[in-house]
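Here's entry20.cif, which has mmCIF, C-alpha atoms:
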```cif
data_structure
loop_
_atom_site.group_PDB
_atom_site.id
_atom_site.type_symbol
_atom_site.label_atom_id
_atom_site.label_comp_id
_atom_site.auth_asym_id
_atom_site.auth_seq_id
_atom_site.Cartn_x
_atom_site.Cartn_y
_atom_site.Cartn_z
ATOM 1 C CA MET A 249 4.817 48.285 24.797
ATOM 2 C CA SER A 250 2.447 45.992 22.921
ATOM 3 C CA ARG A 251 3.738 47.458 19.630
ATOM 4 C CA ARG A 252 7.255 46.498 20.594
ATOM 5 C CA LEU A 253 6.141 42.957 21.384
ATOM 6 C CA LEU A 254 4.437 42.795 18.019
ATOM 7 C CA LEU A 255 7.848 43.251 16.401
ATOM 8 C CA PHE A 256 8.902 39.887 17.793
ATOM 9 C CA VAL A 257 6.037 38.045 16.128
ATOM 10 C CA PRO A 258 7.957 37.355 12.863
ATOM 11 C CA LEU A 259 10.933 36.031 14.847
ATOM 12 C CA ALA A 260 8.640 33.799 16.899
ATOM 13 C CA LEU A 261 7.043 32.494 13.714
ATOM 14 C CA LEU A 262 10.464 31.779 12.221
ATOM 15 C CA LEU A 263 11.554 29.881 15.341
ATOM 16 C CA LEU A 264 8.297 27.938 15.301
ATOM 17 C CA PHE A 265 8.918 27.048 11.650
ATOM 18 C CA ILE A 266 12.508 25.953 12.322
ATOM 19 C CA GLY A 267 11.372 23.994 15.371
ATOM 20 C CA ALA A 268 8.702 22.175 13.374
ATOM 21 C CA GLY A 269 11.208 21.381 10.623
ATOM 22 C CA ALA A 270 13.808 20.093 13.093
ATOM 23 C CA TRP A 271 11.199 17.973 14.860
ATOM 24 C CA ARG A 272 10.071 16.351 11.609
ATOM 25 C CA LEU A 273 13.675 15.773 10.506
ATOM 26 C CA ALA A 274 14.479 14.129 13.827
ATOM 27 C CA THR A 275 11.511 11.725 13.757
ATOM 28 C CA PRO A 276 12.295 8.700 11.574
ATOM 29 C CA ASN A 277 10.209 8.447 8.449
ATOM 30 C CA ASP A 278 7.346 5.957 8.671
ATOM 31 C CA ASN A 279 6.767 4.532 5.208
ATOM 32 C CA LEU A 280 4.340 1.807 6.228
ATOM 33 C CA ILE A 281 0.836 2.190 4.899
ATOM 34 C CA ARG A 282 -1.466 0.143 7.096
ATOM 35 C CA SER A 283 -4.651 -1.382 5.773
ATOM 36 C CA LYS A 284 -7.750 0.430 7.029
ATOM 37 C CA LEU A 285 -9.685 -2.841 6.886
ATOM 38 C CA GLU A 286 -8.386 -4.107 10.251
ATOM 39 C CA GLY A 287 -11.445 -5.010 12.321
ATOM 40 C CA ARG A 288 -13.636 -5.249 9.242
ATOM 41 C CA PRO A 289 -14.806 -8.225 7.180
ATOM 42 C CA LEU A 290 -12.679 -9.453 4.298
ATOM 43 C CA PRO A 291 -13.847 -8.167 0.934
ATOM 44 C CA ALA A 292 -15.449 -10.943 -1.123
ATOM 45 C CA PHE A 293 -13.078 -12.607 -3.577
ATOM 46 C CA ALA A 294 -12.417 -15.928 -5.283
ATOM 47 C CA LEU A 295 -8.947 -16.644 -6.646
ATOM 48 C CA PRO A 296 -8.017 -19.564 -8.922
ATOM 49 C CA PRO A 297 -5.347 -22.027 -7.742
ATOM 50 C CA ALA A 298 -1.752 -20.806 -8.096
ATOM 51 C CA VAL A 299 -0.383 -24.352 -8.316
ATOM 52 C CA PRO A 300 -2.235 -27.418 -9.662
ATOM 53 C CA ALA A 301 -1.626 -29.433 -6.482
ATOM 54 C CA LYS A 302 -3.576 -27.087 -4.183
ATOM 55 C CA PRO A 303 -6.999 -25.448 -4.224
ATOM 56 C CA GLY A 304 -7.401 -21.723 -4.893
ATOM 57 C CA LEU A 305 -8.517 -19.282 -2.211
ATOM 58 C CA SER A 306 -11.842 -17.535 -1.708
ATOM 59 C CA SER A 307 -13.103 -15.255 1.055
ATOM 60 C CA ALA A 308 -15.595 -18.004 2.023
ATOM 61 C CA ASP A 309 -12.678 -20.369 2.827
ATOM 62 C CA LEU A 310 -11.491 -17.817 5.368
ATOM 63 C CA ALA A 311 -14.703 -17.711 7.397
ATOM 64 C CA ALA A 312 -14.594 -21.361 8.413
ATOM 65 C CA GLY A 313 -14.852 -20.979 12.189
ATOM 66 C CA LYS A 314 -11.129 -21.037 12.980
ATOM 67 C CA PRO A 315 -8.569 -18.227 12.882
ATOM 68 C CA ARG A 316 -6.160 -18.420 9.953
ATOM 69 C CA LEU A 317 -3.204 -16.562 8.540
ATOM 70 C CA VAL A 318 -3.255 -15.234 5.009
ATOM 71 C CA ASN A 319 0.239 -14.669 3.673
ATOM 72 C CA VAL A 320 0.560 -12.327 0.692
ATOM 73 C CA PHE A 321 3.751 -13.459 -1.049
ATOM 74 C CA ALA A 322 5.478 -13.957 -4.391
ATOM 75 C CA SER A 323 8.187 -16.203 -5.802
ATOM 76 C CA TRP A 324 10.081 -13.097 -6.983
ATOM 77 C CA CYS A 325 10.071 -11.528 -3.515
ATOM 78 C CA VAL A 326 13.388 -11.861 -1.684
ATOM 79 C CA PRO A 327 12.158 -11.073 1.887
ATOM 80 C CA CYS A 328 9.561 -13.836 1.375
ATOM 81 C CA ILE A 329 12.437 -16.336 1.381
ATOM 82 C CA ALA A 330 13.589 -14.934 4.724
ATOM 83 C CA GLU A 331 10.217 -15.419 6.393
ATOM 84 C CA ALA A 332 9.559 -18.880 4.898
ATOM 85 C CA PRO A 333 11.161 -20.851 7.804
ATOM 86 C CA LEU A 334 9.073 -18.886 10.318
ATOM 87 C CA LEU A 335 5.858 -19.690 8.452
ATOM 88 C CA MET A 336 6.939 -23.345 8.505
ATOM 89 C CA ARG A 337 7.402 -23.100 12.258
ATOM 90 C CA LEU A 338 3.937 -21.565 12.720
ATOM 91 C CA LYS A 339 2.504 -24.364 10.600
ATOM 92 C CA ALA A 340 4.247 -26.934 12.804
ATOM 93 C CA GLU A 341 2.556 -25.262 15.797
ATOM 94 C CA GLY A 342 -0.790 -26.013 14.163
ATOM 95 C CA VAL A 343 -1.537 -22.607 12.638
ATOM 96 C CA ALA A 344 -3.629 -22.784 9.459
ATOM 97 C CA ILE A 345 -1.976 -20.711 6.718
ATOM 98 C CA ASP A 346 -3.250 -19.810 3.257
ATOM 99 C CA GLY A 347 -1.347 -17.933 0.600
ATOM 100 C CA ILE A 348 -2.033 -15.328 -2.079
ATOM 101 C CA ALA A 349 0.617 -15.363 -4.813
ATOM 102 C CA ILE A 350 1.015 -11.915 -6.347
ATOM 103 C CA ARG A 351 1.857 -11.501 -10.068
ATOM 104 C CA ASP A 352 3.221 -15.010 -10.306
ATOM 105 C CA ARG A 353 3.418 -18.049 -12.576
ATOM 106 C CA GLY A 354 2.452 -21.548 -11.454
ATOM 107 C CA GLU A 355 5.853 -23.083 -12.159
ATOM 108 C CA ASP A 356 7.642 -20.249 -10.324
ATOM 109 C CA VAL A 357 5.410 -20.653 -7.256
ATOM 110 C CA ALA A 358 5.964 -24.435 -7.289
ATOM 111 C CA ALA A 359 9.745 -23.970 -7.495
ATOM 112 C CA PHE A 360 9.626 -21.412 -4.662
ATOM 113 C CA LEU A 361 7.708 -23.856 -2.437
ATOM 114 C CA THR A 362 10.081 -26.734 -3.230
ATOM 115 C CA ARG A 363 13.071 -24.554 -2.356
ATOM 116 C CA ASN A 364 11.731 -22.767 0.737
ATOM 117 C CA GLY A 365 9.091 -25.103 2.167
ATOM 118 C CA ASP A 366 5.342 -25.113 1.765
ATOM 119 C CA PRO A 367 3.297 -23.939 4.768
ATOM 120 C CA PHE A 368 0.101 -23.317 2.748
ATOM 121 C CA GLU A 369 -3.215 -25.184 2.696
ATOM 122 C CA ARG A 370 -4.573 -23.156 -0.203
ATOM 123 C CA ILE A 371 -2.900 -20.722 -2.571
ATOM 124 C CA GLY A 372 -4.835 -18.254 -4.706
ATOM 125 C CA SER A 373 -3.235 -16.663 -7.736
ATOM 126 C CA ASP A 374 -3.597 -12.869 -7.982
ATOM 127 C CA PRO A 375 -1.901 -11.936 -11.281
ATOM 128 C CA GLU A 376 -3.053 -8.298 -11.340
ATOM 129 C CA SER A 377 -2.795 -7.655 -7.569
ATOM 130 C CA ARG A 378 -6.584 -7.220 -7.536
ATOM 131 C CA VAL A 379 -7.222 -8.951 -4.207
ATOM 132 C CA GLN A 380 -4.049 -7.451 -2.733
ATOM 133 C CA ILE A 381 -5.374 -3.951 -3.427
ATOM 134 C CA GLY A 382 -8.799 -5.052 -2.154
ATOM 135 C CA LEU A 383 -7.184 -5.991 1.166
ATOM 136 C CA GLY A 384 -5.412 -2.654 1.494
ATOM 137 C CA SER A 385 -2.034 -4.362 1.212
ATOM 138 C CA SER A 386 0.784 -2.377 -0.354
ATOM 139 C CA GLY A 387 3.516 -4.929 -0.927
ATOM 140 C CA VAL A 388 4.941 -8.386 -0.390
ATOM 141 C CA PRO A 389 5.265 -10.021 2.018
ATOM 142 C CA GLU A 390 2.342 -9.137 4.252
ATOM 143 C CA THR A 391 0.410 -11.380 6.600
ATOM 144 C CA PHE A 392 -3.183 -10.986 7.753
ATOM 145 C CA VAL A 393 -4.765 -12.642 10.783
ATOM 146 C CA ILE A 394 -8.360 -13.602 9.906
ATOM 147 C CA ASP A 395 -10.776 -14.810 12.580
ATOM 148 C CA GLY A 396 -13.322 -17.613 12.211
ATOM 149 C CA ARG A 397 -15.990 -15.211 10.955
ATOM 150 C CA GLY A 398 -13.786 -13.839 8.183
ATOM 151 C CA ILE A 399 -12.931 -10.576 9.917
ATOM 152 C CA ILE A 400 -9.438 -9.102 9.472
ATOM 153 C CA ARG A 401 -8.007 -8.927 12.979
ATOM 154 C CA ALA A 402 -4.403 -7.913 12.348
ATOM 155 C CA GLN A 403 -1.973 -7.061 9.586
ATOM 156 C CA HIS A 404 1.765 -7.652 9.638
ATOM 157 C CA ILE A 405 3.729 -5.655 7.072
ATOM 158 C CA GLY A 406 7.029 -7.019 5.805
ATOM 159 C CA PRO A 407 8.713 -10.363 6.475
ATOM 160 C CA ILE A 408 7.832 -12.109 9.728
ATOM 161 C CA GLY A 409 10.931 -12.202 11.900
ATOM 162 C CA GLU A 410 11.741 -14.099 15.046
ATOM 163 C CA THR A 411 10.720 -11.058 17.122
ATOM 164 C CA ASN A 412 7.279 -10.829 15.453
ATOM 165 C CA LEU A 413 6.190 -14.371 16.355
ATOM 166 C CA PRO A 414 4.793 -13.546 19.845
ATOM 167 C CA ALA A 415 2.601 -10.757 18.424
ATOM 168 C CA ILE A 416 1.279 -13.038 15.685
ATOM 169 C CA ARG A 417 0.571 -15.861 18.148
ATOM 170 C CA LEU A 418 -1.222 -13.380 20.398
ATOM 171 C CA ALA A 419 -3.313 -12.028 17.511
ATOM 172 C CA LEU A 420 -4.262 -15.582 16.576
ATOM 173 C CA ALA A 421 -5.223 -16.395 20.173
ATOM 174 C CA GLU A 422 -7.313 -13.232 20.400
ATOM 175 C CA ALA A 423 -9.033 -14.087 17.129
ATOM 176 C CA ARG A 424 -10.223 -17.424 18.536
ATOM 177 C CA MET B 14 40.858 -12.876 -13.324
ATOM 178 C CA LYS B 15 39.796 -9.351 -14.186
ATOM 179 C CA ARG B 16 38.389 -10.542 -17.488
ATOM 180 C CA LEU B 17 36.544 -13.357 -15.804
ATOM 181 C CA LEU B 18 35.030 -10.918 -13.340
ATOM 182 C CA ALA B 19 33.965 -8.597 -16.156
ATOM 183 C CA PHE B 20 32.329 -11.529 -17.952
ATOM 184 C CA ALA B 21 30.587 -12.650 -14.777
ATOM 185 C CA LEU B 22 29.197 -9.139 -14.287
ATOM 186 C CA LEU B 23 28.051 -9.063 -17.898
ATOM 187 C CA VAL B 24 26.021 -12.270 -17.682
ATOM 188 C CA ALA B 25 24.781 -11.824 -14.107
ATOM 189 C CA ALA B 26 21.066 -11.170 -13.818
ATOM 190 C CA PRO B 27 20.218 -8.238 -11.569
ATOM 191 C CA ALA B 28 18.294 -9.159 -8.437
ATOM 192 C CA LEU B 29 15.089 -7.322 -9.181
ATOM 193 C CA ALA B 30 12.329 -6.878 -6.695
ATOM 194 C CA ASP B 31 9.874 -6.985 -9.564
ATOM 195 C CA SER B 32 7.734 -9.764 -10.907
ATOM 196 C CA ASN B 33 8.346 -11.574 -14.183
ATOM 197 C CA LEU B 34 4.805 -11.098 -15.382
ATOM 198 C CA PRO B 35 4.114 -8.498 -18.072
ATOM 199 C CA PRO B 36 2.092 -5.420 -17.003
ATOM 200 C CA ALA B 37 -1.662 -5.873 -16.618
ATOM 201 C CA GLU B 38 -3.581 -5.442 -19.859
ATOM 202 C CA TRP B 39 -5.035 -2.046 -18.949
ATOM 203 C CA ALA B 40 -1.977 -0.727 -17.100
ATOM 204 C CA ASP B 41 -0.534 1.021 -20.150
ATOM 205 C CA ARG B 42 -3.345 0.763 -22.687
ATOM 206 C CA GLN B 43 -5.807 3.586 -23.218
ATOM 207 C CA LEU B 44 -9.544 3.010 -23.067
ATOM 208 C CA ALA B 45 -11.301 3.165 -26.450
ATOM 209 C CA ASN B 46 -13.733 5.789 -25.186
ATOM 210 C CA PRO B 47 -11.792 9.105 -25.020
ATOM 211 C CA VAL B 48 -14.126 10.609 -22.396
ATOM 212 C CA GLN B 49 -13.613 7.623 -20.090
ATOM 213 C CA GLU B 50 -9.857 7.603 -20.730
ATOM 214 C CA ALA B 51 -9.637 11.310 -19.830
ATOM 215 C CA ARG B 52 -11.571 10.653 -16.606
ATOM 216 C CA ALA B 53 -9.399 7.671 -15.723
ATOM 217 C CA MET B 54 -6.226 9.644 -16.467
ATOM 218 C CA ALA B 55 -7.344 12.603 -14.331
ATOM 219 C CA LEU B 56 -8.043 10.214 -11.464
ATOM 220 C CA MET B 57 -4.743 8.338 -11.864
ATOM 221 C CA GLU B 58 -2.827 11.609 -11.640
ATOM 222 C CA THR B 59 -4.314 12.267 -8.197
ATOM 223 C CA LEU B 60 -3.763 8.786 -6.750
ATOM 224 C CA ARG B 61 -0.537 8.122 -4.917
ATOM 225 C CA CYS B 62 1.680 5.145 -5.688
ATOM 226 C CA LEU B 63 1.997 2.876 -2.641
ATOM 227 C CA VAL B 64 5.489 1.758 -3.599
ATOM 228 C CA CYS B 65 7.244 4.948 -4.726
ATOM 229 C CA GLN B 66 5.231 7.128 -2.317
ATOM 230 C CA GLY B 67 6.249 10.366 -4.060
ATOM 231 C CA GLN B 68 4.694 9.694 -7.440
ATOM 232 C CA SER B 69 1.189 9.365 -8.750
ATOM 233 C CA ILE B 70 0.195 5.982 -10.147
ATOM 234 C CA ALA B 71 0.102 7.643 -13.577
ATOM 235 C CA ASP B 72 3.836 8.435 -13.288
ATOM 236 C CA SER B 73 5.117 5.357 -11.480
ATOM 237 C CA ASP B 74 6.698 2.317 -13.119
ATOM 238 C CA ALA B 75 6.120 0.076 -10.097
ATOM 239 C CA ASP B 76 4.201 -3.153 -10.743
ATOM 240 C CA LEU B 77 1.595 -2.256 -8.154
ATOM 241 C CA ALA B 78 1.043 1.171 -9.737
ATOM 242 C CA GLY B 79 0.446 -0.557 -13.099
ATOM 243 C CA ASP B 80 -2.071 -2.870 -11.463
ATOM 244 C CA MET B 81 -3.779 0.132 -9.845
ATOM 245 C CA ARG B 82 -4.001 1.866 -13.249
ATOM 246 C CA ALA B 83 -5.563 -1.294 -14.677
ATOM 247 C CA LEU B 84 -8.047 -1.327 -11.785
ATOM 248 C CA VAL B 85 -8.945 2.347 -12.302
ATOM 249 C CA ARG B 86 -9.412 1.930 -16.083
ATOM 250 C CA GLN B 87 -11.534 -1.202 -15.703
ATOM 251 C CA ARG B 88 -13.790 0.405 -13.100
ATOM 252 C CA ILE B 89 -14.218 3.605 -15.127
ATOM 253 C CA ALA B 90 -14.919 1.521 -18.244
ATOM 254 C CA ALA B 91 -17.592 -0.344 -16.265
ATOM 255 C CA GLY B 92 -19.324 2.997 -15.695
ATOM 256 C CA GLU B 93 -18.158 3.775 -12.171
ATOM 257 C CA GLN B 94 -17.682 7.429 -11.177
ATOM 258 C CA PRO B 95 -14.053 8.485 -10.562
ATOM 259 C CA GLU B 96 -14.900 9.713 -7.055
ATOM 260 C CA ALA B 97 -16.411 6.316 -6.224
ATOM 261 C CA VAL B 98 -13.173 4.603 -7.270
ATOM 262 C CA ARG B 99 -11.195 7.074 -5.165
ATOM 263 C CA ALA B 100 -13.476 6.436 -2.176
ATOM 264 C CA TRP B 101 -12.997 2.666 -2.618
ATOM 265 C CA LEU B 102 -9.221 3.082 -2.441
ATOM 266 C CA VAL B 103 -9.367 5.558 0.482
ATOM 267 C CA GLU B 104 -11.487 2.987 2.357
ATOM 268 C CA ARG B 105 -8.545 0.579 2.051
ATOM 269 C CA TYR B 106 -5.458 2.776 2.315
ATOM 270 C CA GLY B 107 -6.774 5.893 4.041
ATOM 271 C CA ASP B 108 -6.345 9.492 2.845
ATOM 272 C CA TRP B 109 -2.709 8.628 2.234
ATOM 273 C CA VAL B 110 -3.579 7.245 -1.200
ATOM 274 C CA THR B 111 -5.152 10.430 -2.543
ATOM 275 C CA TYR B 112 -3.378 13.615 -3.571
ATOM 276 C CA ALA B 113 -6.642 15.543 -3.273
ATOM 277 C CA PRO B 114 -6.943 16.199 0.473
ATOM 278 C CA PRO B 115 -10.513 15.830 1.773
ATOM 279 C CA VAL B 116 -12.106 18.631 3.819
ATOM 280 C CA LYS B 117 -12.477 17.370 7.403
ATOM 281 C CA PRO B 118 -11.523 18.657 10.886
ATOM 282 C CA MET B 119 -7.980 17.269 10.517
ATOM 283 C CA THR B 120 -7.389 19.209 7.279
ATOM 284 C CA TRP B 121 -9.281 22.412 8.132
ATOM 285 C CA PRO B 122 -6.027 24.307 8.886
ATOM 286 C CA LEU B 123 -4.740 23.239 5.468
ATOM 287 C CA TRP B 124 -7.764 24.657 3.678
ATOM 288 C CA ALA B 125 -8.061 27.712 5.921
ATOM 289 C CA ALA B 126 -4.369 28.684 5.758
ATOM 290 C CA PRO B 127 -4.465 30.457 2.337
ATOM 291 C CA VAL B 128 -7.554 32.468 3.336
ATOM 292 C CA VAL B 129 -6.083 33.380 6.735
ATOM 293 C CA LEU B 130 -2.706 34.346 5.263
ATOM 294 C CA LEU B 131 -4.384 36.474 2.578
ATOM 295 C CA ALA B 132 -6.483 38.215 5.235
ATOM 296 C CA VAL B 133 -3.395 38.920 7.394
ATOM 297 C CA GLY B 134 -1.519 40.214 4.346
ATOM 298 C CA GLY B 135 -4.426 42.444 3.396
ATOM 299 C CA TRP B 136 -4.654 43.779 6.928
ATOM 300 C CA LEU B 137 -0.892 44.584 6.961
ATOM 301 C CA VAL B 138 -1.084 46.372 3.611
ATOM 302 C CA ALA B 139 -4.178 48.312 4.704
ATOM 303 C CA ALA B 140 -2.428 49.363 7.930
ATOM 304 C CA ARG B 141 0.637 50.507 5.983
ATOM 305 C CA LEU B 142 -1.385 52.502 3.470
ATOM 306 C CA ARG B 143 -3.416 54.188 6.180
ATOM 307 C CA ARG B 144 -0.277 55.367 7.983
ATOM 308 C CA ARG B 145 1.151 56.946 4.842
ATOM 309 C CA PRO B 146 -0.987 59.890 3.758
#
```
As structure tokens, the full file:
Amino acid sequence: MSRRLLLFVPLALLLLFIGAGAWRLATPNDNLIRSKLEGRPLPAFALPPAVPAKPGLSSADLAAGKPRLVNVFASWCVPCIAEAPLLMRLKAEGVAIDGIAIRDRGEDVAAFLTRNGDPFERIGSDPESRVQIGLGSSGVPETFVIDGRGIIRAQHIGPIGETNLPAIRLALAEAR
Amino acid sequence: MKRLLAFALLVAAPALADSNLPPAEWADRQLANPVQEARAMALMETLRCLVCQGQSIADSDADLAGDMRALVRQRIAAGEQPEAVRAWLVERYGDWVTYAPPVKPMTWPLWAAPVVLLAVGGWLVAARLRRRP
């Protein structure tokens, strides 16, 4: 009897294999790579100004006692244009926002801000994505919520949309 | 009209999701020290590109992959061990970023599978041979 049952083991394995394959095919692919630094202090950095009119950005600026947003963006990034009005709205609500311009030129950043609005207090220039990699960020745009002690409290990947605003406001309130 | 359209297509700039800056200095330039370059290269081949997600940073043309190559070369040139650089990246992006899977409870089945399968195969062959005189 047990020998007979043993004969079904290959079939069971095959069904298991097909089942696993079907399950993985049915689940949508998750391509987002989240930063593992959530809940941990910002790595130390000091970036030069991206535009002459504004100061650059250092990790010390981000541990100033008040929660802030750090927006990783670029003038060549199309989704960044889409989220620009929402950053302006957050700024109007009194949220402090700093920027990190990735692989960008001063004149391009300035033109981008003239065209799409300027929600930033400081903008650091990161021409070789050094600080971006240091933050565990894998693209533009991304937005980090930093609390008053300089600890990364939340990461938003991709452009901020209307539907993401409540979560960002909540993260900011929790970081207070 | 057709000609105008063809001309418009000819002069239109493609909407690239890439920056206008040239690659980082050390993205595509070899280190002067061949031992260090070989170490950096070996490491780059086992680090995963965050943009393409199916390529190593050594193979990828993405801007971010170039910047990661520059980072790897600069750190190796500064005397850092390749495994320390890998650990630094894993700290930020998780095991996702490395093509060399670490040995830990989550990956034990992965490492044990070849041994287990070989043992099962050996047992089947042994059973077969024993039955046949």
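Among the candidate residues A:Arg272, A:Arg288, A:Lys339, A:Arg252, the one lying nearest to Glu369 (chain A) is A:Lys339, with distances computed using all atoms listed in the file.
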Show me, as an mmCIF file with C-alpha atoms, keeping the file's coordinate frame, every residue of chain B with an atom at most 12 Å from chain A, counting all atoms listed in the file.
```cif
data_model
loop_
_atom_site.group_PDB
_atom_site.id
_atom_site.type_symbol
_atom_site.label_atom_id
_atom_site.label_comp_id
_atom_site.auth_asym_id
_atom_site.auth_seq_id
_atom_site.Cartn_x
_atom_site.Cartn_y
_atom_site.Cartn_z
ATOM 1 C CA ALA B 28 18.294 -9.159 -8.437
ATOM 2 C CA LEU B 29 15.089 -7.322 -9.181
ATOM 3 C CA ALA B 30 12.329 -6.878 -6.695
ATOM 4 C CA ASP B 31 9.874 -6.985 -9.564
ATOM 5 C CA SER B 32 7.734 -9.764 -10.907
ATOM 6 C CA ASN B 33 8.346 -11.574 -14.183
ATOM 7 C CA LEU B 34 4.805 -11.098 -15.382
ATOM 8 C CA PRO B 35 4.114 -8.498 -18.072
ATOM 9 C CA PRO B 36 2.092 -5.420 -17.003
ATOM 10 C CA ALA B 37 -1.662 -5.873 -16.618
ATOM 11 C CA GLU B 38 -3.581 -5.442 -19.859
ATOM 12 C CA TRP B 39 -5.035 -2.046 -18.949
ATOM 13 C CA ALA B 40 -1.977 -0.727 -17.100
ATOM 14 C CA ARG B 61 -0.537 8.122 -4.917
ATOM 15 C CA CYS B 62 1.680 5.145 -5.688
ATOM 16 C CA LEU B 63 1.997 2.876 -2.641
ATOM 17 C CA VAL B 64 5.489 1.758 -3.599
ATOM 18 C CA CYS B 65 7.244 4.948 -4.726
ATOM 19 C CA GLN B 66 5.231 7.128 -2.317
ATOM 20 C CA GLY B 67 6.249 10.366 -4.060
ATOM 21 C CA ALA B 75 6.120 0.076 -10.097
ATOM 22 C CA ASP B 76 4.201 -3.153 -10.743
ATOM 23 C CA LEU B 77 1.595 -2.256 -8.154
ATOM 24 C CA ALA B 78 1.043 1.171 -9.737
ATOM 25 C CA GLY B 79 0.446 -0.557 -13.099
ATOM 26 C CA ASP B 80 -2.071 -2.870 -11.463
ATOM 27 C CA MET B 81 -3.779 0.132 -9.845
ATOM 28 C CA ARG B 82 -4.001 1.866 -13.249
ATOM 29 C CA ALA B 83 -5.563 -1.294 -14.677
ATOM 30 C CA LEU B 84 -8.047 -1.327 -11.785
ATOM 31 C CA VAL B 85 -8.945 2.347 -12.302
ATOM 32 C CA GLN B 87 -11.534 -1.202 -15.703
ATOM 33 C CA ARG B 88 -13.790 0.405 -13.100
ATOM 34 C CA VAL B 98 -13.173 4.603 -7.270
ATOM 35 C CA TRP B 101 -12.997 2.666 -2.618
ATOM 36 C CA LEU B 102 -9.221 3.082 -2.441
ATOM 37 C CA VAL B 103 -9.367 5.558 0.482
ATOM 38 C CA GLU B 104 -11.487 2.987 2.357
ATOM 39 C CA ARG B 105 -8.545 0.579 2.051
ATOM 40 C CA TYR B 106 -5.458 2.776 2.315
ATOM 41 C CA GLY B 107 -6.774 5.893 4.041
ATOM 42 C CA ASP B 108 -6.345 9.492 2.845
ATOM 43 C CA TRP B 109 -2.709 8.628 2.234
ATOM 44 C CA VAL B 110 -3.579 7.245 -1.200
#
```
Long-range neighbours of Cys328 (chain A) as JSON, numbers by chain, 12 Å cut-off, only C-alpha atoms, 2 positions minimum in chain: {"A": [319, 320, 321, 322, 323, 324, 325, 326, 330, 331, 332, 333, 334, 335, 347, 349, 350, 357, 360, 361, 363, 364, 365, 387, 388, 389, 390, 391, 405, 406, 407, 408, 409], "B": [30]}
Taking C-alpha atoms for each residue, export the selection above as a PDB file, in the coordinates of the input.
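Below is the file out_1.pdb, written as the result:
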```
ATOM      1  CA  ASN A 319       0.239 -14.669   3.673  1.00  0.00           C
ATOM      2  CA  VAL A 320       0.560 -12.327   0.692  1.00  0.00           C
ATOM      3  CA  PHE A 321       3.751 -13.459  -1.049  1.00  0.00           C
ATOM      4  CA  ALA A 322       5.478 -13.957  -4.391  1.00  0.00           C
ATOM      5  CA  SER A 323       8.187 -16.203  -5.802  1.00  0.00           C
ATOM      6  CA  TRP A 324      10.081 -13.097  -6.983  1.00  0.00           C
ATOM      7  CA  CYS A 325      10.071 -11.528  -3.515  1.00  0.00           C
ATOM      8  CA  VAL A 326      13.388 -11.861  -1.684  1.00  0.00           C
ATOM      9  CA  ALA A 330      13.589 -14.934   4.724  1.00  0.00           C
ATOM     10  CA  GLU A 331      10.217 -15.419   6.393  1.00  0.00           C
ATOM     11  CA  ALA A 332       9.559 -18.880   4.898  1.00  0.00           C
ATOM     12  CA  PRO A 333      11.161 -20.851   7.804  1.00  0.00           C
ATOM     13  CA  LEU A 334       9.073 -18.886  10.318  1.00  0.00           C
ATOM     14  CA  LEU A 335       5.858 -19.690   8.452  1.00  0.00           C
ATOM     15  CA  GLY A 347      -1.347 -17.933   0.600  1.00  0.00           C
ATOM     16  CA  ALA A 349       0.617 -15.363  -4.813  1.00  0.00           C
ATOM     17  CA  ILE A 350       1.015 -11.915  -6.347  1.00  0.00           C
ATOM     18  CA  VAL A 357       5.410 -20.653  -7.256  1.00  0.00           C
ATOM     19  CA  PHE A 360       9.626 -21.412  -4.662  1.00  0.00           C
ATOM     20  CA  LEU A 361       7.708 -23.856  -2.437  1.00  0.00           C
ATOM     21  CA  ARG A 363      13.071 -24.554  -2.356  1.00  0.00           C
ATOM     22  CA  ASN A 364      11.731 -22.767   0.737  1.00  0.00           C
ATOM     23  CA  GLY A 365       9.091 -25.103   2.167  1.00  0.00           C
ATOM     24  CA  GLY A 387       3.516  -4.929  -0.927  1.00  0.00           C
ATOM     25  CA  VAL A 388       4.941  -8.386  -0.390  1.00  0.00           C
ATOM     26  CA  PRO A 389       5.265 -10.021   2.018  1.00  0.00           C
ATOM     27  CA  GLU A 390       2.342  -9.137   4.252  1.00  0.00           C
ATOM     28  CA  THR A 391       0.410 -11.380   6.600  1.00  0.00           C
ATOM     29  CA  ILE A 405       3.729  -5.655   7.072  1.00  0.00           C
ATOM     30  CA  GLY A 406       7.029  -7.019   5.805  1.00  0.00           C
ATOM     31  CA  PRO A 407       8.713 -10.363   6.475  1.00  0.00           C
ATOM     32  CA  ILE A 408       7.832 -12.109   9.728  1.00  0.00           C
ATOM     33  CA  GLY A 409      10.931 -12.202  11.900  1.00  0.00           C
TER      34      GLY A 409
ATOM     35  CA  ALA B  30      12.329  -6.878  -6.695  1.00  0.00           C
TER      36      ALA B  30
END
```
Resolved residues for the PyMOL selection byres ((chain A and resi 417) around 12) as a ChimeraX atom specification: /A:315-317,334-335,337-339,341-344,393,402,404,408,410-416,418-424
Atomic separation - CA of Glu93 (chain B) relative to CA of Ile399 (chain A), Å: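 Here the two named atoms are 26.9 Å from each other.
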Nearest to Ala45 (chain B) by atom-to-atom distance, counting all atoms listed in the file, from B:Ala90, B:Val129, B:Leu137, B:Met119: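 For Ala45 (chain B), the nearest of the candidates is B:Ala90.
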CA of Pro296 (chain A) to CA of Ile400 (chain A), distance in Å rounded to a single decimal: 21.2 Å
What are the centre and the three edge lengths of an axis-aligned box that wraps all atoms of region 284-296 of chain A in the file, given that 3 Å is added to every side, written as lines of an AutoDock Vina configuration file and rounded to one decimal in Å?
```
center_x = -11.6
center_y = -9.6
center_z = 1.7
size_x = 13.7
size_y = 26.0
size_z = 27.2
```
Between CA of Leu305 (chain A) and CA of Gly287 (chain A) - distance in Å to one decimal: 20.6 Å
Which residue of A:Asn277, A:Pro303, A:Gly354, A:Asp309 approaches Leu290 (chain A) most closely, using only C-alpha atoms: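 Checking each candidate against Leu290 (chain A), we get A:Asp309 as the closest.
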